[in-house]
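Q: Okay, so here is structure_35.txt, and as you'll see once you scroll down, it has compact mmCIF, C-alpha atoms and all ligand atoms.
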# COMPACT_ATOMS: atom_id res chain seq x y z
CA MET A 1343 7.01 20.63 -3.19
CA ARG A 1344 9.78 18.03 -3.12
CA THR A 1345 11.96 18.01 -6.20
CA ALA A 1346 15.03 16.17 -7.44
CA LEU A 1347 17.64 17.07 -10.03
CA ILE A 1348 19.63 14.24 -11.58
CA HIS A 1349 23.04 15.14 -12.94
CA SER A 1350 26.33 13.40 -13.67
CA ASP A 1351 29.75 14.84 -14.45
CA GLU A 1352 30.56 11.59 -16.25
CA TRP A 1353 29.04 12.92 -19.47
CA ARG A 1354 32.27 14.74 -20.18
CA ARG A 1355 33.87 11.37 -20.94
CA PHE A 1356 31.70 10.77 -23.99
CA ASP A 1357 31.82 12.30 -27.44
CA TYR A 1358 29.67 11.59 -30.51
CA GLY A 1359 32.50 13.03 -32.64
CA PRO A 1360 33.56 16.48 -33.81
CA GLU A 1361 31.02 16.77 -36.64
CA HIS A 1362 28.02 15.61 -34.60
CA PRO A 1363 25.39 18.17 -33.54
CA LEU A 1364 24.72 16.51 -30.16
CA ARG A 1365 27.40 18.17 -28.05
CA MET A 1366 27.98 16.87 -24.56
CA GLU A 1367 29.08 20.39 -23.56
CA ARG A 1368 25.42 21.35 -23.40
CA LEU A 1369 24.93 19.38 -20.19
CA GLY A 1370 27.80 21.06 -18.32
CA LEU A 1371 26.72 24.44 -19.65
CA THR A 1372 23.19 23.82 -18.34
CA TRP A 1373 24.48 22.71 -14.96
CA ARG A 1374 26.68 25.80 -14.62
CA LEU A 1375 23.81 28.13 -15.46
CA MET A 1376 21.58 26.40 -12.91
CA GLU A 1377 24.38 26.67 -10.37
CA ALA A 1378 24.94 30.38 -11.07
CA TYR A 1379 21.23 31.01 -10.50
CA GLY A 1380 21.44 29.18 -7.16
CA LEU A 1381 19.22 26.36 -8.42
CA THR A 1382 21.52 23.49 -7.47
CA ALA A 1383 21.26 24.23 -3.73
CA LEU A 1384 17.57 24.90 -3.19
CA PRO A 1385 15.85 23.91 0.02
CA GLY A 1386 13.52 21.01 -0.74
CA ALA A 1387 15.44 20.04 -3.88
CA ARG A 1388 17.75 17.06 -3.86
CA VAL A 1389 20.62 16.76 -6.31
CA LEU A 1390 21.52 13.17 -7.14
CA THR A 1391 24.08 11.39 -9.28
CA PRO A 1392 22.76 8.39 -11.24
CA GLU A 1393 24.26 4.94 -11.40
CA PRO A 1394 24.47 3.28 -14.83
CA ALA A 1395 21.43 1.10 -15.52
CA LEU A 1396 21.99 -2.64 -15.42
CA LEU A 1397 21.75 -4.62 -18.63
CA GLU A 1398 18.60 -6.32 -17.31
CA ALA A 1399 16.88 -2.97 -16.86
CA VAL A 1400 17.69 -1.90 -20.42
CA ALA A 1401 16.51 -5.31 -21.71
CA ARG A 1402 12.98 -4.57 -20.54
CA PHE A 1403 12.53 -2.62 -23.78
CA HIS A 1404 15.55 -3.42 -25.95
CA GLY A 1405 16.39 -6.75 -27.58
CA ARG A 1406 19.27 -8.83 -26.23
CA ASP A 1407 20.94 -9.04 -29.66
CA TYR A 1408 20.87 -5.27 -30.02
CA ILE A 1409 22.29 -4.76 -26.52
CA GLU A 1410 25.13 -7.19 -27.30
CA ILE A 1411 25.90 -5.22 -30.48
CA LEU A 1412 25.96 -1.97 -28.48
CA ARG A 1413 28.36 -3.51 -25.98
CA ALA A 1414 30.59 -4.90 -28.70
CA VAL A 1415 30.93 -1.71 -30.76
CA SER A 1416 31.37 0.31 -27.59
CA ALA A 1417 34.35 -1.87 -26.64
CA GLY A 1418 35.88 -1.37 -30.08
CA ASP A 1419 34.99 -4.77 -31.55
CA TRP A 1420 34.27 -4.95 -35.25
CA VAL A 1421 30.64 -5.87 -35.84
CA PRO A 1422 29.57 -6.72 -39.38
CA HIS A 1423 26.19 -5.28 -40.35
CA ALA A 1424 26.17 -2.72 -37.50
CA ALA A 1425 24.23 -0.52 -39.93
CA ARG A 1426 21.29 -2.93 -39.63
CA TYR A 1427 21.02 -1.73 -36.04
CA GLY A 1428 21.16 1.93 -37.07
CA LEU A 1429 24.81 2.22 -36.04
CA GLY A 1430 27.61 3.80 -38.04
CA PRO A 1431 28.69 7.09 -39.61
CA GLY A 1432 25.95 9.70 -39.48
CA ASP A 1433 23.28 10.14 -36.83
CA ASN A 1434 24.24 7.30 -34.51
CA PRO A 1435 28.03 7.05 -34.63
CA ILE A 1436 30.03 4.34 -32.96
CA PHE A 1437 32.26 5.88 -30.27
CA PRO A 1438 34.21 4.40 -27.37
CA GLY A 1439 32.04 4.00 -24.27
CA LEU A 1440 28.77 4.24 -26.23
CA TRP A 1441 27.21 1.47 -24.13
CA GLU A 1442 28.31 3.13 -20.86
CA ALA A 1443 26.78 6.40 -22.05
CA ALA A 1444 23.54 4.56 -22.87
CA GLN A 1445 23.56 2.92 -19.43
CA LEU A 1446 24.10 6.28 -17.77
CA VAL A 1447 21.21 7.95 -19.57
CA ALA A 1448 18.93 5.02 -18.75
CA GLY A 1449 20.11 5.02 -15.13
CA GLY A 1450 19.36 8.73 -14.72
CA SER A 1451 15.81 8.47 -16.05
CA LEU A 1452 15.14 5.31 -14.05
CA LEU A 1453 16.33 7.10 -10.91
CA ALA A 1454 14.02 10.03 -11.63
CA ALA A 1455 11.11 7.62 -12.14
CA GLN A 1456 11.97 5.68 -8.99
CA LEU A 1457 12.08 8.81 -6.81
CA VAL A 1458 8.60 9.79 -7.97
CA ALA A 1459 7.23 6.23 -7.87
CA GLU A 1460 8.47 5.76 -4.29
CA ASP A 1461 7.03 9.11 -3.26
CA GLN A 1462 10.42 10.59 -2.42
CA ALA A 1463 9.89 13.45 -4.86
CA ASP A 1464 6.92 15.09 -6.56
CA ARG A 1465 8.96 16.30 -9.52
CA ALA A 1466 12.27 14.93 -10.75
CA PHE A 1467 14.30 16.29 -13.66
CA HIS A 1468 16.96 14.36 -15.58
CA PHE A 1469 18.00 16.72 -18.33
CA ALA A 1470 20.48 14.34 -19.98
CA GLY A 1471 17.52 12.04 -20.73
CA GLY A 1472 14.68 12.18 -23.24
CA LEU A 1473 16.29 10.13 -26.01
CA HIS A 1474 12.90 9.40 -27.53
CA HIS A 1475 13.80 7.92 -30.94
CA ALA A 1476 15.55 4.68 -29.89
CA MET A 1477 13.67 1.55 -30.99
CA PRO A 1478 13.81 -1.93 -29.41
CA ASP A 1479 16.38 -3.19 -31.91
CA ARG A 1480 17.73 -0.05 -33.52
CA ALA A 1481 19.48 3.20 -32.72
CA SER A 1482 17.82 6.22 -34.28
CA GLY A 1483 18.11 9.99 -34.24
CA PHE A 1484 21.15 10.21 -31.89
CA CYS A 1485 19.40 7.80 -29.45
CA TYR A 1486 20.72 4.34 -28.60
CA VAL A 1487 18.61 3.44 -25.57
CA ASN A 1488 15.13 4.84 -24.97
CA ASP A 1489 15.31 6.10 -21.39
CA ALA A 1490 11.86 7.70 -21.66
CA VAL A 1491 10.26 4.30 -22.36
CA LEU A 1492 12.19 2.70 -19.48
CA ALA A 1493 11.05 5.47 -17.09
CA ILE A 1494 7.42 5.01 -18.15
CA MET A 1495 7.72 1.25 -17.63
CA ARG A 1496 9.08 1.88 -14.12
CA LEU A 1497 6.09 4.11 -13.31
CA ARG A 1498 3.69 1.55 -14.77
CA GLU A 1499 5.04 -1.01 -12.26
CA ARG A 1500 3.21 1.01 -9.61
CA GLY A 1501 0.03 0.54 -11.58
CA TRP A 1502 -0.05 4.23 -12.41
CA ARG A 1503 -1.66 5.73 -15.49
CA VAL A 1504 1.07 7.63 -17.27
CA ALA A 1505 0.77 10.62 -19.58
CA TYR A 1506 3.80 11.27 -21.77
CA VAL A 1507 4.01 14.76 -23.24
CA ASP A 1508 6.79 15.42 -25.75
CA ILE A 1509 7.42 18.98 -26.93
CA ASP A 1510 10.66 18.29 -28.82
CA ALA A 1511 10.65 19.53 -32.44
CA HIS A 1512 10.85 15.91 -33.58
CA HIS A 1513 8.11 13.32 -33.22
CA GLY A 1514 8.52 11.08 -30.15
CA ASP A 1515 8.31 7.98 -32.33
CA GLY A 1516 10.11 5.46 -30.09
CA VAL A 1517 7.85 6.18 -27.13
CA GLN A 1518 4.73 6.13 -29.28
CA PHE A 1519 5.80 2.78 -30.73
CA ALA A 1520 6.39 1.27 -27.27
CA PHE A 1521 2.89 2.05 -25.99
CA TYR A 1522 0.92 2.07 -29.24
CA ARG A 1523 -1.54 -0.60 -28.05
CA ASP A 1524 -1.56 0.40 -24.38
CA PRO A 1525 -4.50 2.47 -23.06
CA SER A 1526 -2.78 3.03 -19.70
CA VAL A 1527 -0.18 5.29 -21.33
CA LEU A 1528 -1.35 8.40 -23.16
CA THR A 1529 1.38 9.74 -25.45
CA ILE A 1530 1.09 13.28 -26.82
CA SER A 1531 3.75 14.69 -29.13
CA THR A 1532 3.88 18.17 -30.65
CA HIS A 1533 6.49 18.56 -33.38
CA GLU A 1534 7.37 19.82 -36.82
CA ARG A 1535 5.38 17.91 -39.45
CA GLY A 1536 6.87 14.55 -40.37
CA ASP A 1537 6.93 15.20 -44.11
CA ARG A 1538 9.34 18.06 -43.43
CA LEU A 1539 11.52 16.65 -40.66
CA PHE A 1540 13.00 13.48 -39.23
CA PRO A 1541 11.71 10.89 -38.28
CA GLY A 1542 8.95 11.25 -40.88
CA THR A 1543 6.10 10.20 -38.62
CA GLY A 1544 3.76 11.82 -36.09
CA PHE A 1545 0.62 12.54 -38.09
CA VAL A 1546 -2.81 12.88 -36.50
CA VAL A 1547 -3.92 9.56 -38.04
CA GLU A 1548 -1.37 7.71 -35.87
CA MET A 1549 -3.88 7.28 -33.05
CA GLY A 1550 -2.89 3.93 -31.54
CA GLU A 1551 -4.00 0.38 -32.23
CA GLY A 1552 -6.32 -2.16 -30.60
CA ASP A 1553 -7.15 -1.11 -27.04
CA GLY A 1554 -4.72 1.78 -27.49
CA VAL A 1555 -6.78 3.62 -30.13
CA GLY A 1556 -7.10 7.23 -29.03
CA PHE A 1557 -4.12 7.05 -26.67
CA SER A 1558 -1.48 8.17 -29.17
CA VAL A 1559 -1.93 11.83 -30.00
CA ASN A 1560 0.11 13.84 -32.48
CA LEU A 1561 0.01 17.55 -33.17
CA PRO A 1562 2.23 18.20 -36.20
CA LEU A 1563 3.15 21.79 -36.96
CA GLN A 1564 4.30 23.80 -39.91
CA PRO A 1565 7.85 25.18 -40.18
CA PHE A 1566 7.98 28.72 -38.74
CA THR A 1567 5.38 27.96 -36.07
CA ASP A 1568 6.10 30.54 -33.36
CA ASP A 1569 4.82 31.02 -29.79
CA ALA A 1570 1.73 32.86 -31.02
CA VAL A 1571 0.69 29.88 -33.18
CA TYR A 1572 1.99 27.11 -30.93
CA GLN A 1573 0.38 28.14 -27.66
CA PRO A 1574 -3.28 28.22 -28.72
CA ALA A 1575 -2.88 24.93 -30.60
CA PHE A 1576 -1.27 23.32 -27.54
CA GLU A 1577 -3.97 24.75 -25.29
CA ALA A 1578 -6.77 23.41 -27.49
CA VAL A 1579 -5.42 19.87 -27.42
CA VAL A 1580 -3.21 19.02 -24.44
CA PRO A 1581 -5.04 20.26 -21.29
CA PRO A 1582 -8.43 18.75 -22.24
CA LEU A 1583 -6.85 15.36 -22.99
CA LEU A 1584 -4.83 15.36 -19.77
CA CYS A 1585 -7.91 16.33 -17.76
CA ALA A 1586 -9.94 13.54 -19.36
CA PHE A 1587 -7.21 10.90 -19.02
CA LYS A 1588 -6.50 11.74 -15.35
CA PRO A 1589 -2.93 10.48 -15.21
CA ASP A 1590 -1.29 9.62 -11.90
CA VAL A 1591 2.02 10.88 -13.23
CA MET A 1592 3.32 12.72 -16.27
CA VAL A 1593 6.61 12.12 -18.09
CA LEU A 1594 7.77 15.19 -19.98
CA GLN A 1595 10.24 15.25 -22.85
CA LEU A 1596 11.48 18.84 -22.95
CA GLY A 1597 13.49 19.02 -26.18
CA ILE A 1598 14.31 22.62 -27.04
CA ASP A 1599 15.16 22.09 -30.70
CA SER A 1600 11.80 23.82 -31.26
CA HIS A 1601 13.68 27.10 -30.76
CA ARG A 1602 13.90 29.44 -33.70
CA THR A 1603 17.72 29.46 -33.74
CA ASP A 1604 18.04 25.68 -33.63
CA PRO A 1605 20.21 24.59 -36.55
CA LEU A 1606 18.41 21.28 -37.23
CA THR A 1607 14.72 22.23 -37.25
CA HIS A 1608 12.38 24.95 -38.44
CA LEU A 1609 10.00 25.77 -35.60
CA CYS A 1610 10.24 29.28 -34.14
CA LEU A 1611 9.63 29.09 -30.40
CA THR A 1612 11.43 31.26 -27.85
CA VAL A 1613 12.76 30.26 -24.43
CA GLN A 1614 9.95 32.18 -22.74
CA GLY A 1615 7.38 30.46 -25.00
CA PHE A 1616 8.84 27.08 -24.05
CA THR A 1617 8.76 28.03 -20.36
CA THR A 1618 5.11 29.09 -20.55
CA VAL A 1619 4.24 25.65 -21.91
CA VAL A 1620 6.24 23.88 -19.19
CA LYS A 1621 4.50 25.92 -16.47
CA ARG A 1622 1.11 25.11 -17.97
CA LEU A 1623 1.92 21.39 -17.91
CA LEU A 1624 3.09 21.57 -14.30
CA GLN A 1625 -0.28 23.06 -13.34
CA LEU A 1626 -2.12 20.13 -14.87
CA VAL A 1627 -0.45 17.11 -13.25
CA PRO A 1628 1.24 17.25 -9.84
CA ARG A 1629 3.64 14.31 -10.21
CA VAL A 1630 6.23 14.81 -12.92
CA VAL A 1631 9.26 13.01 -14.29
CA ALA A 1632 10.90 15.52 -16.62
CA LEU A 1633 13.56 14.64 -19.17
CA GLY A 1634 15.63 16.70 -21.59
CA GLY A 1635 15.77 15.91 -25.29
CA GLY A 1636 16.96 17.64 -28.45
CA GLY A 1637 18.47 21.11 -28.64
CA TYR A 1638 21.50 21.93 -30.77
CA ASP A 1639 22.02 25.65 -30.16
CA LEU A 1640 23.76 25.26 -26.84
CA PRO A 1641 22.81 28.49 -25.02
CA ASN A 1642 19.14 27.69 -25.73
CA VAL A 1643 19.54 24.30 -24.08
CA ALA A 1644 21.09 25.81 -20.96
CA ARG A 1645 18.56 28.64 -20.72
CA ALA A 1646 15.47 26.53 -21.41
CA TRP A 1647 16.28 23.71 -19.01
CA THR A 1648 17.36 26.14 -16.31
CA ALA A 1649 14.03 27.94 -16.71
CA ALA A 1650 12.18 24.60 -16.64
CA TRP A 1651 13.95 23.51 -13.45
CA ALA A 1652 13.16 26.89 -11.84
CA ALA A 1653 9.50 26.40 -12.80
CA MET A 1654 9.48 22.95 -11.24
CA ASN A 1655 10.67 24.55 -8.00
CA GLU A 1656 8.36 27.56 -8.35
CA VAL A 1657 11.36 29.89 -8.35
CA THR A 1658 11.30 33.12 -10.36
CA LEU A 1659 14.58 33.94 -12.10
CA ALA A 1660 16.11 37.30 -12.92
CA GLU A 1661 15.88 37.79 -16.68
CA THR A 1662 19.50 38.87 -17.05
CA LEU A 1663 21.82 35.89 -16.89
CA PRO A 1664 24.19 35.75 -13.90
CA ALA A 1665 27.41 37.65 -14.64
CA GLU A 1666 29.65 34.61 -14.19
CA CYS A 1667 27.90 32.79 -17.06
CA GLN A 1668 27.68 35.59 -19.56
CA LYS A 1669 31.11 35.17 -21.10
CA GLU A 1670 30.72 31.45 -21.64
CA MET A 1671 27.25 31.85 -23.12
CA ALA A 1672 28.57 34.53 -25.48
CA ARG A 1673 31.35 32.15 -26.52
CA PHE A 1674 28.66 29.64 -27.53
CA GLY A 1675 26.94 32.31 -29.61
CA LEU A 1676 24.37 33.96 -27.33
CA LYS A 1677 24.09 37.60 -28.35
CA VAL A 1678 22.04 39.06 -25.48
CA PRO A 1679 22.70 37.68 -21.96
CA SER A 1680 19.03 37.18 -21.18
CA LEU A 1681 16.76 34.24 -20.39
CA CYS A 1682 14.23 35.69 -22.81
CA ASP A 1683 14.49 36.07 -26.56
CA PRO A 1684 13.35 39.01 -28.62
CA PRO A 1685 9.93 38.23 -30.16
CA ALA A 1686 9.97 36.51 -33.55
CA GLU A 1687 9.40 38.82 -36.46
CA LEU A 1688 7.72 36.68 -39.03
CA PRO A 1689 6.04 37.96 -42.16
CA GLU A 1690 2.28 38.02 -41.58
CA ASP A 1691 1.58 35.58 -44.42
CA THR A 1692 4.10 33.09 -43.00
CA ARG A 1693 2.38 33.19 -39.63
CA ARG A 1694 -1.04 32.79 -41.27
CA TRP A 1695 0.26 29.79 -43.23
CA ALA A 1696 1.50 28.16 -40.00
CA GLU A 1697 -1.69 29.09 -38.16
CA GLU A 1698 -3.93 27.60 -40.82
CA TYR A 1699 -2.04 24.30 -40.73
CA ALA A 1700 -2.19 24.17 -36.91
CA ARG A 1701 -5.90 24.96 -36.99
CA ARG A 1702 -6.54 21.99 -39.31
CA GLN A 1703 -4.53 19.60 -37.13
CA VAL A 1704 -6.33 20.73 -33.97
CA ALA A 1705 -9.69 20.26 -35.72
CA ALA A 1706 -8.71 16.73 -36.81
CA ILE A 1707 -7.64 15.80 -33.25
CA ARG A 1708 -10.84 17.21 -31.78
CA GLU A 1709 -12.95 15.38 -34.34
CA ASN A 1710 -11.22 11.99 -34.22
CA ILE A 1711 -9.65 11.63 -30.79
CA PHE A 1712 -11.68 13.79 -28.39
CA PRO A 1713 -14.86 11.67 -28.69
CA LEU A 1714 -12.87 8.58 -27.66
CA HIS A 1715 -12.21 10.41 -24.37
CA ARG A 1716 -15.83 11.65 -24.12
CA LEU A 1717 -14.74 15.18 -24.88
ZN ZN B 1 14.52 16.68 -31.49
As a first step, turn the structure in this file into structure tokens.
A:
Amino acid sequence: MRTALIHSDEWRRFDYGPEHPLRMERLGLTWRLMEAYGLTALPGARVLTPEPALLEAVARFHGRDYIEILRAVSAGDWVPHAARYGLGPGDNPIFPGLWEAAQLVAGGSLLAAQLVAEDQADRAFHFAGGLHHAMPDRASGFCYVNDAVLAIMRLRERGWRVAYVDIDAHHGDGVQFAFYRDPSVLTISTHERGDRLFPGTGFVVEMGEGDGVGFSVNLPLQPFTDDAVYQPAFEAVVPPLLCAFKPDVMVLQLGIDSHRTDPLTHLCLTVQGFTTVVKRLLQLVPRVVALGGGGYDLPNVARAWTAAWAAMNEVTLAETLPAECQKEMARFGLKVPSLCDPPAELPEDTRRWAEEYARRQVAAIRENIFPLHRL
């Protein structure tokens, strides 16, 4: 197994602002936990620093006008109507170096895709990536440039069939939009239901258009969905579709805002539940480009992506966090210095309510989408 980890120290330069939930500290925290576990110096695993993506590379998905606006606001120029491009106070703030940050995230995911496309790695992980909400001409949901779309486009250049699996708590709307009519890219997103959470989309009826009908798959879930409800629903939908589609490569968006302590969402997964899903996905498709995504309770981000990277390298980790990281993780709010979380204790009727909703969504997918794949 040849793997590659993409990481840059440059992220420390950027800041969405003191009130913003997307904290750059999460990337350094993740790196330090990986390092403490010995995962940044594994035999067979390369560690690489990305170069910023060139404007031309970003322009393969994003409009020139939008890119010029990003460059202008990033340099501190006043741009009238920046709000028309999703920019301004709130989710997608204007901060110095915004364009350089966008180039860096795109460059990291393009490097991961290139390593796999050129057969230099079987699995590559760029955990600063996975900014799945950005649209061609609009920033959205903390995302300015859609690195996941750019990575998929890079893999498509090889003529490969690409499966995109997104387990972030939010719908992967930007990626779905990009490939909505394309039957060579299967997008699957599991997320909290769109009538309860941003971005408001991701229902089963969003199945693709034209030749792409059946190649956009959405599994929306009820608030309070925990591992016990999530895993059977995932199992009923994702492995059969991947087996039928037979992708050459899989792009994973590994947002961990699905965790039960995440401050922005309402799903109830644990780190070990997340890791079980990642391991299952790795069994199904050998070539993988993995990206990060959401996650706003910082110790969860570090623990989940460290566990995911260990899984990609088939390394088993000690459950107790390395001593040198415990103090820092406690400072960010982690109560027990463990990779695993205590099991969720949900009232039985809450779990049944979540289970019933998941059961209906799975049935709708199996009825409407499975036959299109001869399942
Ligand atoms: Zn998210």
Q: Neighbouring residues of A:Glu1377 were defined as those with any atom within 10 Å, considering only C-alpha atoms; residues of the same chain fewer than 6 positions away were excluded. Please report them as an mmCIF file with C-alpha atoms, in the frame of the given file.
A:
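Heads up, here's the output in result.cif:
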data_model
loop_
_atom_site.group_PDB
_atom_site.id
_atom_site.type_symbol
_atom_site.label_atom_id
_atom_site.label_comp_id
_atom_site.auth_asym_id
_atom_site.auth_seq_id
_atom_site.Cartn_x
_atom_site.Cartn_y
_atom_site.Cartn_z
ATOM 1 C CA LEU A 1371 26.720 24.440 -19.650
ATOM 2 C CA ALA A 1383 21.260 24.230 -3.730
ATOM 3 C CA THR A 1648 17.360 26.140 -16.310
ATOM 4 C CA PRO A 1664 24.190 35.750 -13.900
ATOM 5 C CA CYS A 1667 27.900 32.790 -17.060
#
Q: Quick one, how far is atom CA of A:Leu1640 from atom CA of A:Leu1364?
A: 9.4 Å
Q: Please return as number ranges by chain the residues found within 9 Å of ligand ZN 1 (chain B), counting all atoms listed in the file.
A: A: 1473-1475, 1483, 1509-1514, 1533, 1540, 1597-1600, 1606-1607, 1635-1638
Q: Mind writing the picked residues with C-alpha atoms as a CSV table (one decimal), in the frame of the given file?
A:
chain,number,residue,atom,x,y,z
A,1473,LEU,CA,16.3,10.1,-26.0
A,1474,HIS,CA,12.9,9.4,-27.5
A,1475,HIS,CA,13.8,7.9,-30.9
A,1483,GLY,CA,18.1,10.0,-34.2
A,1509,ILE,CA,7.4,19.0,-26.9
A,1510,ASP,CA,10.7,18.3,-28.8
A,1511,ALA,CA,10.6,19.5,-32.4
A,1512,HIS,CA,10.8,15.9,-33.6
A,1513,HIS,CA,8.1,13.3,-33.2
A,1514,GLY,CA,8.5,11.1,-30.2
A,1533,HIS,CA,6.5,18.6,-33.4
A,1540,PHE,CA,13.0,13.5,-39.2
A,1597,GLY,CA,13.5,19.0,-26.2
A,1598,ILE,CA,14.3,22.6,-27.0
A,1599,ASP,CA,15.2,22.1,-30.7
A,1600,SER,CA,11.8,23.8,-31.3
A,1606,LEU,CA,18.4,21.3,-37.2
A,1607,THR,CA,14.7,22.2,-37.2
A,1635,GLY,CA,15.8,15.9,-25.3
A,1636,GLY,CA,17.0,17.6,-28.4
A,1637,GLY,CA,18.5,21.1,-28.6
A,1638,TYR,CA,21.5,21.9,-30.8
Q: Identify, on the basis of only C-alpha atoms, every residue whose closest approach to A:Ala1424 does not exceed 10 Å; exclude the query and any residue fewer than 6 positions from it along the same chain; express the result as a PyMOL selection string.
A: chain A and resi 1408+1411-1412+1415+1430+1436+1480
Q: For stretch 1491-1552 of chain A against stretch 1560-1577 of chain A, with a cut-off of 8 Å and counting all atoms listed in the file, what is the closest atom pair and its distance in Å to one decimal for every residue that makes the cut, ordered by chain and number, as CSV?
A:
residue,atom,partner,partner_atom,distance
A:Ile1530,CA,A:Asn1560,CA,5.8
A:Ser1531,CA,A:Asn1560,CA,5.0
A:Thr1532,CA,A:Leu1561,CA,4.7
A:His1533,CA,A:Pro1562,CA,5.1
A:Glu1534,CA,A:Leu1563,CA,4.7
A:Arg1535,CA,A:Pro1562,CA,4.5
A:Gly1536,CA,A:Pro1562,CA,7.2
A:Arg1538,CA,A:Pro1565,CA,8.0
A:Gly1544,CA,A:Asn1560,CA,5.5
A:Phe1545,CA,A:Asn1560,CA,5.8
A:Val1546,CA,A:Asn1560,CA,5.1
A:Glu1548,CA,A:Asn1560,CA,7.2
A:Met1549,CA,A:Asn1560,CA,7.7
Q: Between atom CA of A:Pro1641 and atom CA of A:Met1671, what is the distance in Å, rounded to a tenth?
A: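 Atom CA of A:Met1671 lies 5.9 Å from atom CA of A:Pro1641.
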Q: Give the answer as one residue: which of A:Leu1611, A:Ala1470, A:Ala1425, A:Val1487 has the shortest atom-to-atom distance to A:Trp1441, using only C-alpha atoms?
A: A:Val1487
Q: Can you pull out every residue within 9 Å of A:Val1389, counting all atoms listed in the file, but drop anything in the same chain fewer than 3 positions away, and send it as a compact mmCIF listing (two decimals) with C-alpha atoms, in the coordinates of the input?
A:
# COMPACT_ATOMS: atom_id res chain seq x y z
CA THR A 1345 11.96 18.01 -6.20
CA ALA A 1346 15.03 16.17 -7.44
CA LEU A 1347 17.64 17.07 -10.03
CA ILE A 1348 19.63 14.24 -11.58
CA HIS A 1349 23.04 15.14 -12.94
CA THR A 1382 21.52 23.49 -7.47
CA ALA A 1383 21.26 24.23 -3.73
Q: Given all atoms listed in the file as the basis, pick out the residue of A:Met1592, A:Arg1694, A:Pro1689, A:Leu1609 nearest to A:Leu1539.
A: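 Among the listed residues, the smallest separation from A:Leu1539 belongs to A:Leu1609.
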Q: What separation in Å, quoted to one decimal, exists between atom CA of A:Val1517 and atom CA of A:Thr1543?
A: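 Result for atom CA of A:Val1517 versus atom CA of A:Thr1543: 12.3 Å, one decimal.
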Q: So that all listed atoms of stretch 1505-1524 of chain A fit with 4 Å spare on each side, what axis-aligned box centre and edge lengths in Å, to one decimal, would you give as lines of an AutoDock Vina configuration file?
A:
center_x = 4.6
center_y = 9.5
center_z = -26.6
size_x = 20.4
size_y = 28.1
size_z = 22.0
Q: Give me, as a tab-separated table, each residue of stretch 1473-1579 of chain A that comes within 10 Å of stretch 1390-1402 of chain A, together with its shortest interatomic pair and the distance in Å at one decimal, counting only C-alpha atoms, with rows ordered by chain and rising residue number.
A:
residue	atom	partner	partner_atom	distance
A:Pro1478	CA	A:Ala1401	CA	8.8
A:Val1487	CA	A:Val1400	CA	7.5
A:Asn1488	CA	A:Val1400	CA	8.5
A:Asp1489	CA	A:Val1400	CA	8.4
A:Val1491	CA	A:Arg1402	CA	9.5
A:Leu1492	CA	A:Val1400	CA	7.2
A:Met1495	CA	A:Arg1402	CA	8.4
A:Arg1496	CA	A:Ala1399	CA	9.6
Q: Counting all atoms listed in the file, which residue out of A:Thr1529, A:Glu1361, A:Gly1418, A:Asp1508 sits closest to A:Phe1587?
A: A:Thr1529
Q: Find the spatial neighbours of A:Val1631, counting all atoms listed in the file, within a cut-off of 7 Å - ignore same-chain residues fewer than 3 positions away - and output them as a PyMOL selection string.
A: chain A and resi 1454-1455+1465-1467+1592-1594
Q: Grab the residues selected above and save them as a CSV table (one decimal), keeping the file's coordinate frame with C-alpha atoms.
A:
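Just written: out36.csv:
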chain,number,residue,atom,x,y,z
A,1454,ALA,CA,14.0,10.0,-11.6
A,1455,ALA,CA,11.1,7.6,-12.1
A,1465,ARG,CA,9.0,16.3,-9.5
A,1466,ALA,CA,12.3,14.9,-10.8
A,1467,PHE,CA,14.3,16.3,-13.7
A,1592,MET,CA,3.3,12.7,-16.3
A,1593,VAL,CA,6.6,12.1,-18.1
A,1594,LEU,CA,7.8,15.2,-20.0
Q: Go through A:Val1620, A:Met1343, A:Leu1429, A:Leu1452 and flag the residue nearest A:Ser1416, using all atoms listed in the file for the distances.
A: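 Under the stated criterion, the closest residue is A:Leu1429.
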Q: For A:Trp1373, please output as a VMD selection string all residues within 10 Å (counting all atoms listed in the file; exclusion window: fewer than 4 positions along the same chain).
A: chain A and resid 1349 to 1351 1368 to 1369 1377 to 1379 1381 to 1382 1469 1644 1647 to 1648
Q: Just C-alpha atoms for this one: save the residues we selected as a compact mmCIF listing (two decimals), in the coordinates of the input.
A:
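For reference, again-v5.txt as written:
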# COMPACT_ATOMS: atom_id res chain seq x y z
CA HIS A 1349 23.04 15.14 -12.94
CA SER A 1350 26.33 13.40 -13.67
CA ASP A 1351 29.75 14.84 -14.45
CA ARG A 1368 25.42 21.35 -23.40
CA LEU A 1369 24.93 19.38 -20.19
CA GLU A 1377 24.38 26.67 -10.37
CA ALA A 1378 24.94 30.38 -11.07
CA TYR A 1379 21.23 31.01 -10.50
CA LEU A 1381 19.22 26.36 -8.42
CA THR A 1382 21.52 23.49 -7.47
CA PHE A 1469 18.00 16.72 -18.33
CA ALA A 1644 21.09 25.81 -20.96
CA TRP A 1647 16.28 23.71 -19.01
CA THR A 1648 17.36 26.14 -16.31
Q: Name the residues within 10 Å of (-5.7, 25.8, -37.4), counting only C-alpha atoms in the file's coordinates, and put them as a compact mmCIF listing (two decimals) with C-alpha atoms, keeping the file's coordinate frame.
A:
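Ended up saving to selection.txt:
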# COMPACT_ATOMS: atom_id res chain seq x y z
CA LEU A 1563 3.15 21.79 -36.96
CA VAL A 1571 0.69 29.88 -33.18
CA PRO A 1574 -3.28 28.22 -28.72
CA ALA A 1575 -2.88 24.93 -30.60
CA ARG A 1694 -1.04 32.79 -41.27
CA TRP A 1695 0.26 29.79 -43.23
CA ALA A 1696 1.50 28.16 -40.00
CA GLU A 1697 -1.69 29.09 -38.16
CA GLU A 1698 -3.93 27.60 -40.82
CA TYR A 1699 -2.04 24.30 -40.73
CA ALA A 1700 -2.19 24.17 -36.91
CA ARG A 1701 -5.90 24.96 -36.99
CA ARG A 1702 -6.54 21.99 -39.31
CA GLN A 1703 -4.53 19.60 -37.13
CA VAL A 1704 -6.33 20.73 -33.97
CA ALA A 1705 -9.69 20.26 -35.72
CA ALA A 1706 -8.71 16.73 -36.81
